[in-house]
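Asks: File follows, run19.csv with CSV, N, CA and C atoms:
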chain,number,residue,atom,x,y,z
W,1300,MET,N,-29.9,-19.7,23.3
W,1300,MET,CA,-29.3,-20.0,22.0
W,1300,MET,C,-28.0,-20.8,22.3
W,1301,LEU,N,-27.9,-21.9,21.5
W,1301,LEU,CA,-26.7,-22.7,21.6
W,1301,LEU,C,-25.6,-22.2,20.6
W,1302,ILE,N,-24.4,-22.0,21.1
W,1302,ILE,CA,-23.3,-21.6,20.2
W,1302,ILE,C,-22.3,-22.7,20.2
W,1303,ILE,N,-21.9,-23.1,19.1
W,1303,ILE,CA,-20.8,-24.1,18.9
W,1303,ILE,C,-19.6,-23.4,18.3
W,1304,THR,N,-18.5,-23.6,19.0
W,1304,THR,CA,-17.3,-22.9,18.5
W,1304,THR,C,-16.6,-23.8,17.4
W,1305,GLN,N,-15.7,-23.1,16.6
W,1305,GLN,CA,-15.0,-23.9,15.5
W,1305,GLN,C,-14.2,-25.0,16.1
W,1306,LYS,N,-13.6,-24.8,17.3
W,1306,LYS,CA,-12.9,-25.9,17.9
W,1306,LYS,C,-13.8,-27.1,18.2
W,1307,GLN,N,-15.0,-26.8,18.7
W,1307,GLN,CA,-15.9,-27.9,19.0
W,1307,GLN,C,-16.3,-28.6,17.7
W,1308,LEU,N,-16.5,-27.9,16.6
W,1308,LEU,CA,-16.8,-28.5,15.3
W,1308,LEU,C,-15.7,-29.3,14.8
W,1309,ASP,N,-14.5,-28.9,15.1
W,1309,ASP,CA,-13.3,-29.6,14.6
W,1309,ASP,C,-13.2,-31.0,15.4
W,1310,VAL,N,-13.5,-30.9,16.7
W,1310,VAL,CA,-13.5,-32.2,17.5
W,1310,VAL,C,-14.6,-33.1,17.0
W,1311,ILE,N,-15.7,-32.6,16.7
W,1311,ILE,CA,-16.8,-33.5,16.2
W,1311,ILE,C,-16.4,-34.1,14.9
W,1312,SER,N,-15.9,-33.3,14.0
W,1312,SER,CA,-15.4,-33.7,12.7
W,1312,SER,C,-14.4,-34.8,12.8
W,1313,GLN,N,-13.4,-34.6,13.7
W,1313,GLN,CA,-12.3,-35.6,13.9
W,1313,GLN,C,-12.9,-36.9,14.4
W,1314,SER,N,-13.8,-36.8,15.3
W,1314,SER,CA,-14.5,-38.0,15.9
W,1314,SER,C,-15.2,-38.8,14.9
W,1315,GLN,N,-15.9,-38.1,14.0
W,1315,GLN,CA,-16.6,-38.8,12.9
W,1315,GLN,C,-15.6,-39.4,11.9
W,1316,SER,N,-14.6,-38.7,11.6
W,1316,SER,CA,-13.5,-39.3,10.8
W,1316,SER,C,-12.9,-40.5,11.4
W,1317,ASP,N,-12.6,-40.5,12.7
W,1317,ASP,CA,-12.1,-41.6,13.3
W,1317,ASP,C,-13.0,-42.8,13.3
W,1318,SER,N,-14.3,-42.5,13.4
W,1318,SER,CA,-15.3,-43.6,13.4
W,1318,SER,C,-15.3,-44.3,12.0
W,1319,VAL,N,-15.2,-43.5,11.0
W,1319,VAL,CA,-15.2,-44.0,9.6
W,1319,VAL,C,-13.9,-44.9,9.4
W,1320,ILE,N,-12.8,-44.4,9.9
W,1320,ILE,CA,-11.6,-45.2,9.8
W,1320,ILE,C,-11.7,-46.5,10.5
W,1321,VAL,N,-12.3,-46.5,11.7
W,1321,VAL,CA,-12.5,-47.8,12.4
W,1321,VAL,C,-13.4,-48.7,11.6
W,1322,ARG,N,-14.5,-48.2,11.1
W,1322,ARG,CA,-15.4,-49.1,10.3
W,1322,ARG,C,-14.8,-49.6,9.1
W,1323,LEU,N,-14.0,-48.8,8.4
W,1323,LEU,CA,-13.3,-49.3,7.2
W,1323,LEU,C,-12.2,-50.3,7.5
W,1324,LYS,N,-11.5,-50.1,8.6
W,1324,LYS,CA,-10.6,-51.1,9.1
W,1324,LYS,C,-11.2,-52.4,9.4
W,1325,ARG,N,-12.3,-52.3,10.1
W,1325,ARG,CA,-13.1,-53.5,10.5
W,1325,ARG,C,-13.6,-54.3,9.2
W,1326,TYR,N,-14.0,-53.5,8.2
W,1326,TYR,CA,-14.5,-54.1,7.0
W,1326,TYR,C,-13.4,-54.8,6.3
W,1327,LEU,N,-12.2,-54.2,6.2
W,1327,LEU,CA,-11.1,-54.9,5.6
W,1327,LEU,C,-10.6,-56.2,6.3
W,1328,SER,N,-10.6,-56.1,7.6
W,1328,SER,CA,-10.2,-57.3,8.4
W,1328,SER,C,-11.2,-58.4,8.4
W,1329,ARG,N,-12.4,-58.1,8.1
W,1329,ARG,CA,-13.5,-59.1,8.1
W,1329,ARG,C,-13.8,-59.6,6.7
W,1330,SER,N,-13.4,-59.0,5.7
W,1330,SER,CA,-13.7,-59.3,4.3
W,1330,SER,C,-12.9,-60.4,3.8
W,1331,ASP,N,-13.3,-61.0,2.7
W,1331,ASP,CA,-12.6,-62.2,2.1
W,1331,ASP,C,-11.7,-61.7,1.0
W,1332,PHE,N,-10.8,-60.8,1.3
W,1332,PHE,CA,-9.9,-60.4,0.3
W,1332,PHE,C,-8.8,-61.4,0.2
W,1333,PRO,N,-8.1,-61.5,-0.9
W,1333,PRO,CA,-6.9,-62.4,-0.9
W,1333,PRO,C,-6.0,-62.0,0.2
W,1334,SER,N,-5.7,-63.0,1.1
W,1334,SER,CA,-5.0,-62.7,2.3
W,1334,SER,C,-3.6,-62.0,2.0
W,1335,SER,N,-3.0,-62.4,0.9
W,1335,SER,CA,-1.7,-61.8,0.6
W,1335,SER,C,-1.8,-60.3,0.5
W,1336,ASN,N,-2.9,-59.8,-0.1
W,1336,ASN,CA,-3.1,-58.3,-0.2
W,1336,ASN,C,-3.2,-57.6,1.1
W,1337,ILE,N,-3.9,-58.2,2.0
W,1337,ILE,CA,-4.1,-57.6,3.3
W,1337,ILE,C,-2.8,-57.8,4.2
W,1338,ASN,N,-2.2,-59.0,4.1
W,1338,ASN,CA,-1.0,-59.3,4.9
W,1338,ASN,C,0.2,-58.4,4.5
W,1339,LYS,N,0.2,-57.9,3.3
W,1339,LYS,CA,1.3,-57.0,2.8
W,1339,LYS,C,1.3,-55.7,3.5
W,1340,ILE,N,0.1,-55.3,4.1
W,1340,ILE,CA,-0.1,-54.0,4.7
W,1340,ILE,C,0.3,-54.1,6.2
W,1341,ALA,N,1.4,-53.5,6.5
W,1341,ALA,CA,2.0,-53.6,7.9
W,1341,ALA,C,1.1,-52.9,8.9
W,1342,ASP,N,0.6,-51.7,8.5
W,1342,ASP,CA,-0.2,-50.9,9.4
W,1342,ASP,C,-1.5,-50.6,8.7
W,1343,LEU,N,-2.5,-51.4,9.0
W,1343,LEU,CA,-3.8,-51.3,8.3
W,1343,LEU,C,-4.5,-49.9,8.6
W,1344,GLU,N,-4.4,-49.4,9.8
W,1344,GLU,CA,-5.0,-48.1,10.0
W,1344,GLU,C,-4.3,-47.0,9.2
W,1345,ALA,N,-3.0,-47.1,9.1
W,1345,ALA,CA,-2.3,-46.1,8.3
W,1345,ALA,C,-2.7,-46.2,6.8
W,1346,PHE,N,-2.8,-47.4,6.4
W,1346,PHE,CA,-3.2,-47.6,5.0
W,1346,PHE,C,-4.6,-47.0,4.7
W,1347,VAL,N,-5.5,-47.3,5.7
W,1347,VAL,CA,-6.9,-46.7,5.5
W,1347,VAL,C,-6.9,-45.2,5.5
W,1348,ARG,N,-6.1,-44.6,6.4
W,1348,ARG,CA,-6.0,-43.2,6.5
W,1348,ARG,C,-5.5,-42.6,5.2
W,1349,ILE,N,-4.5,-43.2,4.7
W,1349,ILE,CA,-3.9,-42.7,3.4
W,1349,ILE,C,-4.9,-42.9,2.3
W,1350,ALA,N,-5.6,-44.0,2.3
W,1350,ALA,CA,-6.6,-44.2,1.2
W,1350,ALA,C,-7.8,-43.2,1.3
W,1351,VAL,N,-8.2,-42.9,2.5
W,1351,VAL,CA,-9.3,-41.9,2.7
W,1351,VAL,C,-8.8,-40.5,2.2
W,1352,LYS,N,-7.6,-40.2,2.5
W,1352,LYS,CA,-7.0,-38.9,2.1
W,1352,LYS,C,-6.9,-38.9,0.6
W,1353,ARG,N,-6.4,-40.0,0.0
W,1353,ARG,CA,-6.3,-40.0,-1.5
W,1353,ARG,C,-7.7,-39.9,-2.2
W,1354,ALA,N,-8.6,-40.7,-1.6
W,1354,ALA,CA,-10.0,-40.6,-2.2
W,1354,ALA,C,-10.5,-39.2,-2.1
W,1355,LYS,N,-10.3,-38.5,-1.1
W,1355,LYS,CA,-10.8,-37.2,-0.9
W,1355,LYS,C,-10.3,-36.2,-1.9
W,1356,MET,N,-9.1,-36.5,-2.4
W,1356,MET,CA,-8.5,-35.6,-3.5
W,1356,MET,C,-9.4,-35.6,-4.7
W,1357,TYR,N,-10.1,-36.7,-4.9
W,1357,TYR,CA,-11.0,-36.9,-6.1
W,1357,TYR,C,-12.5,-36.6,-5.7
W,1358,ASP,N,-12.7,-36.0,-4.6
W,1358,ASP,CA,-14.1,-35.8,-4.1
W,1358,ASP,C,-14.8,-37.1,-3.8
W,1359,VAL,N,-14.1,-38.1,-3.5
W,1359,VAL,CA,-14.7,-39.4,-3.1
W,1359,VAL,C,-14.7,-39.4,-1.6
W,1360,VAL,N,-15.9,-39.1,-1.0
W,1360,VAL,CA,-15.9,-39.0,0.4
W,1360,VAL,C,-17.0,-39.8,1.1
W,1361,ALA,N,-18.0,-40.2,0.4
W,1361,ALA,CA,-19.0,-41.1,1.0
W,1361,ALA,C,-18.4,-42.4,1.4
W,1362,GLU,N,-18.7,-42.9,2.6
W,1362,GLU,CA,-18.1,-44.1,3.1
W,1362,GLU,C,-18.1,-45.3,2.2
W,1363,ASN,N,-19.2,-45.6,1.5
W,1363,ASN,CA,-19.3,-46.7,0.6
W,1363,ASN,C,-18.4,-46.5,-0.6
W,1364,ASP,N,-18.3,-45.2,-1.1
W,1364,ASP,CA,-17.4,-44.9,-2.2
W,1364,ASP,C,-15.9,-45.1,-1.8
W,1365,VAL,N,-15.6,-44.6,-0.6
W,1365,VAL,CA,-14.2,-44.8,-0.1
W,1365,VAL,C,-13.9,-46.3,0.0
W,1366,ARG,N,-14.8,-47.0,0.5
W,1366,ARG,CA,-14.6,-48.5,0.6
W,1366,ARG,C,-14.3,-49.1,-0.7
W,1367,LEU,N,-15.0,-48.7,-1.8
W,1367,LEU,CA,-14.7,-49.2,-3.1
W,1367,LEU,C,-13.3,-48.7,-3.6
W,1368,PHE,N,-13.0,-47.5,-3.3
W,1368,PHE,CA,-11.7,-46.9,-3.6
W,1368,PHE,C,-10.6,-47.8,-3.0
W,1369,ILE,N,-10.8,-48.2,-1.7
W,1369,ILE,CA,-9.8,-49.0,-1.0
W,1369,ILE,C,-9.7,-50.4,-1.7
W,1370,VAL,N,-10.9,-50.9,-2.0
W,1370,VAL,CA,-10.9,-52.3,-2.7
W,1370,VAL,C,-10.1,-52.2,-4.0
W,1371,CYS,N,-10.2,-51.1,-4.7
W,1371,CYS,CA,-9.4,-50.9,-6.0
W,1371,CYS,C,-8.0,-50.8,-5.6
W,1372,MET,N,-7.6,-50.2,-4.6
W,1372,MET,CA,-6.2,-50.1,-4.2
W,1372,MET,C,-5.7,-51.5,-3.9
W,1373,LEU,N,-6.5,-52.4,-3.3
W,1373,LEU,CA,-6.1,-53.7,-2.9
W,1373,LEU,C,-5.9,-54.6,-4.1
W,1374,PHE,N,-6.8,-54.5,-5.1
W,1374,PHE,CA,-6.8,-55.4,-6.2
W,1374,PHE,C,-6.0,-54.9,-7.4
W,1375,LEU,N,-6.0,-53.6,-7.6
W,1375,LEU,CA,-5.3,-53.0,-8.7
W,1375,LEU,C,-3.9,-52.4,-8.4
W,1376,GLY,N,-3.7,-52.2,-7.1
W,1376,GLY,CA,-2.4,-51.7,-6.6
W,1376,GLY,C,-2.7,-50.4,-5.9
W,1377,GLN,N,-1.8,-50.1,-4.9
W,1377,GLN,CA,-2.1,-48.9,-4.1
W,1377,GLN,C,-2.0,-47.6,-4.9
W,1378,GLU,N,-1.4,-47.6,-6.0
W,1378,GLU,CA,-1.2,-46.4,-6.9
W,1378,GLU,C,-2.1,-46.5,-8.1
W,1379,PHE,N,-3.2,-47.3,-8.0
W,1379,PHE,CA,-4.0,-47.5,-9.2
W,1379,PHE,C,-4.5,-46.2,-9.8
W,1380,ASP,N,-4.7,-45.2,-9.0
W,1380,ASP,CA,-5.3,-43.9,-9.5
W,1380,ASP,C,-4.3,-43.1,-10.3
W,1381,THR,N,-3.0,-43.4,-10.2
W,1381,THR,CA,-2.0,-42.7,-11.0
W,1381,THR,C,-1.2,-43.7,-11.9
W,1382,ASP,N,-1.5,-45.0,-11.9
W,1382,ASP,CA,-0.8,-46.0,-12.6
W,1382,ASP,C,-1.3,-45.9,-14.1
W,1383,GLY,N,-0.4,-45.8,-15.0
W,1383,GLY,CA,-0.7,-45.7,-16.5
W,1383,GLY,C,-1.4,-46.9,-17.0
W,1384,ARG,N,-1.3,-48.0,-16.3
W,1384,ARG,CA,-2.0,-49.2,-16.8
W,1384,ARG,C,-3.5,-49.1,-16.6
W,1385,PHE,N,-3.9,-48.2,-15.7
W,1385,PHE,CA,-5.3,-48.0,-15.4
W,1385,PHE,C,-5.7,-46.5,-15.8
W,1386,ALA,N,-5.4,-46.1,-17.0
W,1386,ALA,CA,-5.7,-44.7,-17.4
W,1386,ALA,C,-7.2,-44.4,-17.3
W,1387,TRP,N,-8.0,-45.5,-17.5
W,1387,TRP,CA,-9.5,-45.3,-17.4
W,1387,TRP,C,-9.9,-44.9,-16.0
W,1388,ALA,N,-9.2,-45.4,-15.0
W,1388,ALA,CA,-9.5,-45.0,-13.6
W,1388,ALA,C,-9.0,-43.6,-13.3
W,1389,LYS,N,-7.8,-43.2,-13.8
W,1389,LYS,CA,-7.3,-41.9,-13.6
W,1389,LYS,C,-8.2,-40.9,-14.3
W,1390,GLN,N,-8.6,-41.2,-15.5
W,1390,GLN,CA,-9.5,-40.3,-16.3
W,1390,GLN,C,-10.8,-40.1,-15.5
W,1391,THR,N,-11.4,-41.2,-15.0
W,1391,THR,CA,-12.7,-41.1,-14.3
W,1391,THR,C,-12.5,-40.3,-13.0
W,1392,LEU,N,-11.5,-40.6,-12.2
W,1392,LEU,CA,-11.4,-39.9,-11.0
W,1392,LEU,C,-11.0,-38.4,-11.1
W,1393,SER,N,-10.4,-38.1,-12.2
W,1393,SER,CA,-10.0,-36.7,-12.5
W,1393,SER,C,-11.1,-35.8,-13.1
W,1394,SER,N,-12.2,-36.5,-13.5
W,1394,SER,CA,-13.3,-35.8,-14.2
W,1394,SER,C,-13.9,-34.7,-13.3
W,1395,ARG,N,-14.0,-33.5,-13.8
W,1395,ARG,CA,-14.7,-32.5,-13.1
W,1395,ARG,C,-16.2,-32.5,-13.3
W,1396,LYS,N,-16.7,-33.3,-14.3
W,1396,LYS,CA,-18.1,-33.4,-14.6
W,1396,LYS,C,-18.8,-34.4,-13.7
W,1397,LEU,N,-18.1,-35.2,-13.0
W,1397,LEU,CA,-18.7,-36.3,-12.2
W,1397,LEU,C,-18.5,-36.0,-10.7
W,1398,ASP,N,-19.4,-36.3,-9.9
W,1398,ASP,CA,-19.2,-36.2,-8.4
W,1398,ASP,C,-18.6,-37.5,-7.9
W,1399,GLY,N,-18.3,-37.6,-6.6
W,1399,GLY,CA,-17.7,-38.7,-6.1
W,1399,GLY,C,-18.5,-40.0,-6.3
W,1400,PRO,N,-19.8,-40.1,-6.0
W,1400,PRO,CA,-20.5,-41.3,-6.2
W,1400,PRO,C,-20.6,-41.7,-7.7
W,1401,GLU,N,-20.7,-40.7,-8.6
W,1401,GLU,CA,-20.7,-41.0,-10.0
W,1401,GLU,C,-19.4,-41.6,-10.5
W,1402,LYS,N,-18.3,-41.1,-9.9
W,1402,LYS,CA,-17.0,-41.6,-10.3
W,1402,LYS,C,-16.8,-43.0,-9.9
W,1403,MET,N,-17.2,-43.3,-8.7
W,1403,MET,CA,-17.0,-44.7,-8.2
W,1403,MET,C,-18.0,-45.7,-8.8
W,1404,GLU,N,-19.2,-45.2,-9.2
W,1404,GLU,CA,-20.1,-46.0,-9.9
W,1404,GLU,C,-19.6,-46.4,-11.3
W,1405,LYS,N,-19.0,-45.4,-11.9
W,1405,LYS,CA,-18.3,-45.6,-13.3
W,1405,LYS,C,-17.2,-46.6,-13.1
W,1406,ILE,N,-16.4,-46.5,-12.1
W,1406,ILE,CA,-15.2,-47.4,-11.9
W,1406,ILE,C,-15.8,-48.8,-11.6
W,1407,SER,N,-16.8,-48.9,-10.8
W,1407,SER,CA,-17.4,-50.2,-10.5
W,1407,SER,C,-17.9,-50.8,-11.8
W,1408,ASP,N,-18.6,-50.1,-12.6
W,1408,ASP,CA,-19.2,-50.6,-13.8
W,1408,ASP,C,-18.0,-51.1,-14.7
W,1409,TYR,N,-17.0,-50.3,-14.8
W,1409,TYR,CA,-15.9,-50.7,-15.7
W,1409,TYR,C,-15.3,-52.0,-15.2
W,1410,LEU,N,-15.1,-52.1,-13.9
W,1410,LEU,CA,-14.5,-53.3,-13.3
W,1410,LEU,C,-15.4,-54.5,-13.6
W,1411,LEU,N,-16.7,-54.3,-13.5
W,1411,LEU,CA,-17.7,-55.4,-13.7
W,1411,LEU,C,-17.8,-55.9,-15.1
W,1412,PHE,N,-17.8,-54.9,-16.0
W,1412,PHE,CA,-18.2,-55.2,-17.4
W,1412,PHE,C,-17.0,-55.1,-18.4
W,1413,GLU,N,-15.9,-54.6,-17.9
W,1413,GLU,CA,-14.7,-54.5,-18.8
W,1413,GLU,C,-13.5,-55.2,-18.1
W,1414,THR,N,-13.7,-56.2,-17.4
W,1414,THR,CA,-12.7,-56.8,-16.5
W,1414,THR,C,-11.4,-57.1,-17.2
W,1415,GLU,N,-11.4,-57.7,-18.4
W,1415,GLU,CA,-10.1,-58.0,-19.0
W,1415,GLU,C,-9.4,-56.7,-19.4
W,1416,GLU,N,-10.1,-55.7,-19.8
W,1416,GLU,CA,-9.4,-54.4,-20.1
W,1416,GLU,C,-9.0,-53.7,-18.9
W,1417,ALA,N,-9.8,-53.8,-17.8
W,1417,ALA,CA,-9.5,-53.2,-16.5
W,1417,ALA,C,-8.2,-53.7,-15.9
W,1418,MET,N,-7.9,-55.0,-16.0
W,1418,MET,CA,-6.7,-55.5,-15.4
W,1418,MET,C,-5.6,-55.5,-16.4
Mind turning this structure into structure tokens?

Replies:
Amino acid sequence: MLIITQKQLDVISQSQSDSVIVRLKRYLSRSDFPSSNINKIADLEAFVRIAVKRAKMYDVVAENDVRLFIVCMLFLGQEFDTDGRFAWAKQTLSSRKLDGPEKMEKISDYLLFETEEAM
């Protein structure tokens, strides 16, 4: 019988987390975002780690959902989830009735179909 200790699980979890950070960083550096938004970020890895942590507060943990959360931070501002101008985002992210993917799908739909109001 194979026994895995909690310490070993923690190492595996950290390794997976680091892999996600690397992929998200690569995505940001290869994407066609307005360069000024990316260039304003002195430490891209720190930005991604903070974004992942903030997304997790709202149960947004799937990599594609976190990617969209980061894109929102770039286009709407790093504090979009608490900014009064984007009350619709705060309300969606704070909903206890929606899971992470549902929250980000709703935000994506809002950005696509309510663009003038969203900005």

Asks: So how far away is atom N of Lys1402 (chain W) from CA of Val1321 (chain W), in Å?

Replies: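 CA of Val1321 (chain W) sits 24.0 Å away from atom N of Lys1402 (chain W).
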
Asks: Show me, as a PDB file with N, CA and C atoms, in the coordinates of the input, the residues that have an atom within 10 Å of region 1348-1364 of chain W when counting only C-alpha atoms, minus same-chain residues fewer than 4 positions from it.

Replies:
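And here's result_17.pdb as it stands now:
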ATOM      1  N   SER W1316     -14.600 -38.700  11.600  1.00  0.00           N
ATOM      2  CA  SER W1316     -13.500 -39.300  10.800  1.00  0.00           C
ATOM      3  C   SER W1316     -12.900 -40.500  11.400  1.00  0.00           C
ATOM      4  N   ASP W1317     -12.600 -40.500  12.700  1.00  0.00           N
ATOM      5  CA  ASP W1317     -12.100 -41.600  13.300  1.00  0.00           C
ATOM      6  C   ASP W1317     -13.000 -42.800  13.300  1.00  0.00           C
ATOM      7  N   VAL W1319     -15.200 -43.500  11.000  1.00  0.00           N
ATOM      8  CA  VAL W1319     -15.200 -44.000   9.600  1.00  0.00           C
ATOM      9  C   VAL W1319     -13.900 -44.900   9.400  1.00  0.00           C
ATOM     10  N   ILE W1320     -12.800 -44.400   9.900  1.00  0.00           N
ATOM     11  CA  ILE W1320     -11.600 -45.200   9.800  1.00  0.00           C
ATOM     12  C   ILE W1320     -11.700 -46.500  10.500  1.00  0.00           C
ATOM     13  N   VAL W1321     -12.300 -46.500  11.700  1.00  0.00           N
ATOM     14  CA  VAL W1321     -12.500 -47.800  12.400  1.00  0.00           C
ATOM     15  C   VAL W1321     -13.400 -48.700  11.600  1.00  0.00           C
ATOM     16  N   ARG W1322     -14.500 -48.200  11.100  1.00  0.00           N
ATOM     17  CA  ARG W1322     -15.400 -49.100  10.300  1.00  0.00           C
ATOM     18  C   ARG W1322     -14.800 -49.600   9.100  1.00  0.00           C
ATOM     19  N   LEU W1323     -14.000 -48.800   8.400  1.00  0.00           N
ATOM     20  CA  LEU W1323     -13.300 -49.300   7.200  1.00  0.00           C
ATOM     21  C   LEU W1323     -12.200 -50.300   7.500  1.00  0.00           C
ATOM     22  N   LYS W1324     -11.500 -50.100   8.600  1.00  0.00           N
ATOM     23  CA  LYS W1324     -10.600 -51.100   9.100  1.00  0.00           C
ATOM     24  C   LYS W1324     -11.200 -52.400   9.400  1.00  0.00           C
ATOM     25  N   LEU W1343      -2.500 -51.400   9.000  1.00  0.00           N
ATOM     26  CA  LEU W1343      -3.800 -51.300   8.300  1.00  0.00           C
ATOM     27  C   LEU W1343      -4.500 -49.900   8.600  1.00  0.00           C
ATOM     28  N   GLU W1344      -4.400 -49.400   9.800  1.00  0.00           N
ATOM     29  CA  GLU W1344      -5.000 -48.100  10.000  1.00  0.00           C
ATOM     30  C   GLU W1344      -4.300 -47.000   9.200  1.00  0.00           C
ATOM     31  N   PHE W1368     -13.000 -47.500  -3.300  1.00  0.00           N
ATOM     32  CA  PHE W1368     -11.700 -46.900  -3.600  1.00  0.00           C
ATOM     33  C   PHE W1368     -10.600 -47.800  -3.000  1.00  0.00           C
ATOM     34  N   ILE W1369     -10.800 -48.200  -1.700  1.00  0.00           N
ATOM     35  CA  ILE W1369      -9.800 -49.000  -1.000  1.00  0.00           C
ATOM     36  C   ILE W1369      -9.700 -50.400  -1.700  1.00  0.00           C
ATOM     37  N   VAL W1370     -10.900 -50.900  -2.000  1.00  0.00           N
ATOM     38  CA  VAL W1370     -10.900 -52.300  -2.700  1.00  0.00           C
ATOM     39  C   VAL W1370     -10.100 -52.200  -4.000  1.00  0.00           C
ATOM     40  N   MET W1372      -7.600 -50.200  -4.600  1.00  0.00           N
ATOM     41  CA  MET W1372      -6.200 -50.100  -4.200  1.00  0.00           C
ATOM     42  C   MET W1372      -5.700 -51.500  -3.900  1.00  0.00           C
ATOM     43  N   GLN W1377      -1.800 -50.100  -4.900  1.00  0.00           N
ATOM     44  CA  GLN W1377      -2.100 -48.900  -4.100  1.00  0.00           C
ATOM     45  C   GLN W1377      -2.000 -47.600  -4.900  1.00  0.00           C
ATOM     46  N   GLU W1378      -1.400 -47.600  -6.000  1.00  0.00           N
ATOM     47  CA  GLU W1378      -1.200 -46.400  -6.900  1.00  0.00           C
ATOM     48  C   GLU W1378      -2.100 -46.500  -8.100  1.00  0.00           C
ATOM     49  N   ASP W1380      -4.700 -45.200  -9.000  1.00  0.00           N
ATOM     50  CA  ASP W1380      -5.300 -43.900  -9.500  1.00  0.00           C
ATOM     51  C   ASP W1380      -4.300 -43.100 -10.300  1.00  0.00           C
ATOM     52  N   LYS W1389      -7.800 -43.200 -13.800  1.00  0.00           N
ATOM     53  CA  LYS W1389      -7.300 -41.900 -13.600  1.00  0.00           C
ATOM     54  C   LYS W1389      -8.200 -40.900 -14.300  1.00  0.00           C
ATOM     55  N   THR W1391     -11.400 -41.200 -15.000  1.00  0.00           N
ATOM     56  CA  THR W1391     -12.700 -41.100 -14.300  1.00  0.00           C
ATOM     57  C   THR W1391     -12.500 -40.300 -13.000  1.00  0.00           C
ATOM     58  N   LEU W1392     -11.500 -40.600 -12.200  1.00  0.00           N
ATOM     59  CA  LEU W1392     -11.400 -39.900 -11.000  1.00  0.00           C
ATOM     60  C   LEU W1392     -11.000 -38.400 -11.100  1.00  0.00           C
ATOM     61  N   SER W1393     -10.400 -38.100 -12.200  1.00  0.00           N
ATOM     62  CA  SER W1393     -10.000 -36.700 -12.500  1.00  0.00           C
ATOM     63  C   SER W1393     -11.100 -35.800 -13.100  1.00  0.00           C
ATOM     64  N   SER W1394     -12.200 -36.500 -13.500  1.00  0.00           N
ATOM     65  CA  SER W1394     -13.300 -35.800 -14.200  1.00  0.00           C
ATOM     66  C   SER W1394     -13.900 -34.700 -13.300  1.00  0.00           C
ATOM     67  N   ARG W1395     -14.000 -33.500 -13.800  1.00  0.00           N
ATOM     68  CA  ARG W1395     -14.700 -32.500 -13.100  1.00  0.00           C
ATOM     69  C   ARG W1395     -16.200 -32.500 -13.300  1.00  0.00           C
ATOM     70  N   LEU W1397     -18.100 -35.200 -13.000  1.00  0.00           N
ATOM     71  CA  LEU W1397     -18.700 -36.300 -12.200  1.00  0.00           C
ATOM     72  C   LEU W1397     -18.500 -36.000 -10.700  1.00  0.00           C
ATOM     73  N   ASP W1398     -19.400 -36.300  -9.900  1.00  0.00           N
ATOM     74  CA  ASP W1398     -19.200 -36.200  -8.400  1.00  0.00           C
ATOM     75  C   ASP W1398     -18.600 -37.500  -7.900  1.00  0.00           C
ATOM     76  N   GLY W1399     -18.300 -37.600  -6.600  1.00  0.00           N
ATOM     77  CA  GLY W1399     -17.700 -38.700  -6.100  1.00  0.00           C
ATOM     78  C   GLY W1399     -18.500 -40.000  -6.300  1.00  0.00           C
ATOM     79  N   PRO W1400     -19.800 -40.100  -6.000  1.00  0.00           N
ATOM     80  CA  PRO W1400     -20.500 -41.300  -6.200  1.00  0.00           C
ATOM     81  C   PRO W1400     -20.600 -41.700  -7.700  1.00  0.00           C
ATOM     82  N   GLU W1401     -20.700 -40.700  -8.600  1.00  0.00           N
ATOM     83  CA  GLU W1401     -20.700 -41.000 -10.000  1.00  0.00           C
ATOM     84  C   GLU W1401     -19.400 -41.600 -10.500  1.00  0.00           C
ATOM     85  N   LYS W1402     -18.300 -41.100  -9.900  1.00  0.00           N
ATOM     86  CA  LYS W1402     -17.000 -41.600 -10.300  1.00  0.00           C
ATOM     87  C   LYS W1402     -16.800 -43.000  -9.900  1.00  0.00           C
ATOM     88  N   MET W1403     -17.200 -43.300  -8.700  1.00  0.00           N
ATOM     89  CA  MET W1403     -17.000 -44.700  -8.200  1.00  0.00           C
ATOM     90  C   MET W1403     -18.000 -45.700  -8.800  1.00  0.00           C
ATOM     91  N   GLU W1404     -19.200 -45.200  -9.200  1.00  0.00           N
ATOM     92  CA  GLU W1404     -20.100 -46.000  -9.900  1.00  0.00           C
ATOM     93  C   GLU W1404     -19.600 -46.400 -11.300  1.00  0.00           C
ATOM     94  N   SER W1407     -16.800 -48.900 -10.800  1.00  0.00           N
ATOM     95  CA  SER W1407     -17.400 -50.200 -10.500  1.00  0.00           C
ATOM     96  C   SER W1407     -17.900 -50.800 -11.800  1.00  0.00           C
TER      97      SER W1407
END

Asks: For a test of reading the model, state the distance in Å between atom N of Leu1367 (chain W) and atom C of Lys1405 (chain W), rounded to one decimal.

Replies: 11.7 Å

Asks: Could you please determine the separation between atom N of Thr1381 (chain W) and CA of Ala1345 (chain W) in Å, to one decimal place?

Replies: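 Spanning atom N of Thr1381 (chain W) to CA of Ala1345 (chain W) is a straight-line distance of 18.7 Å.
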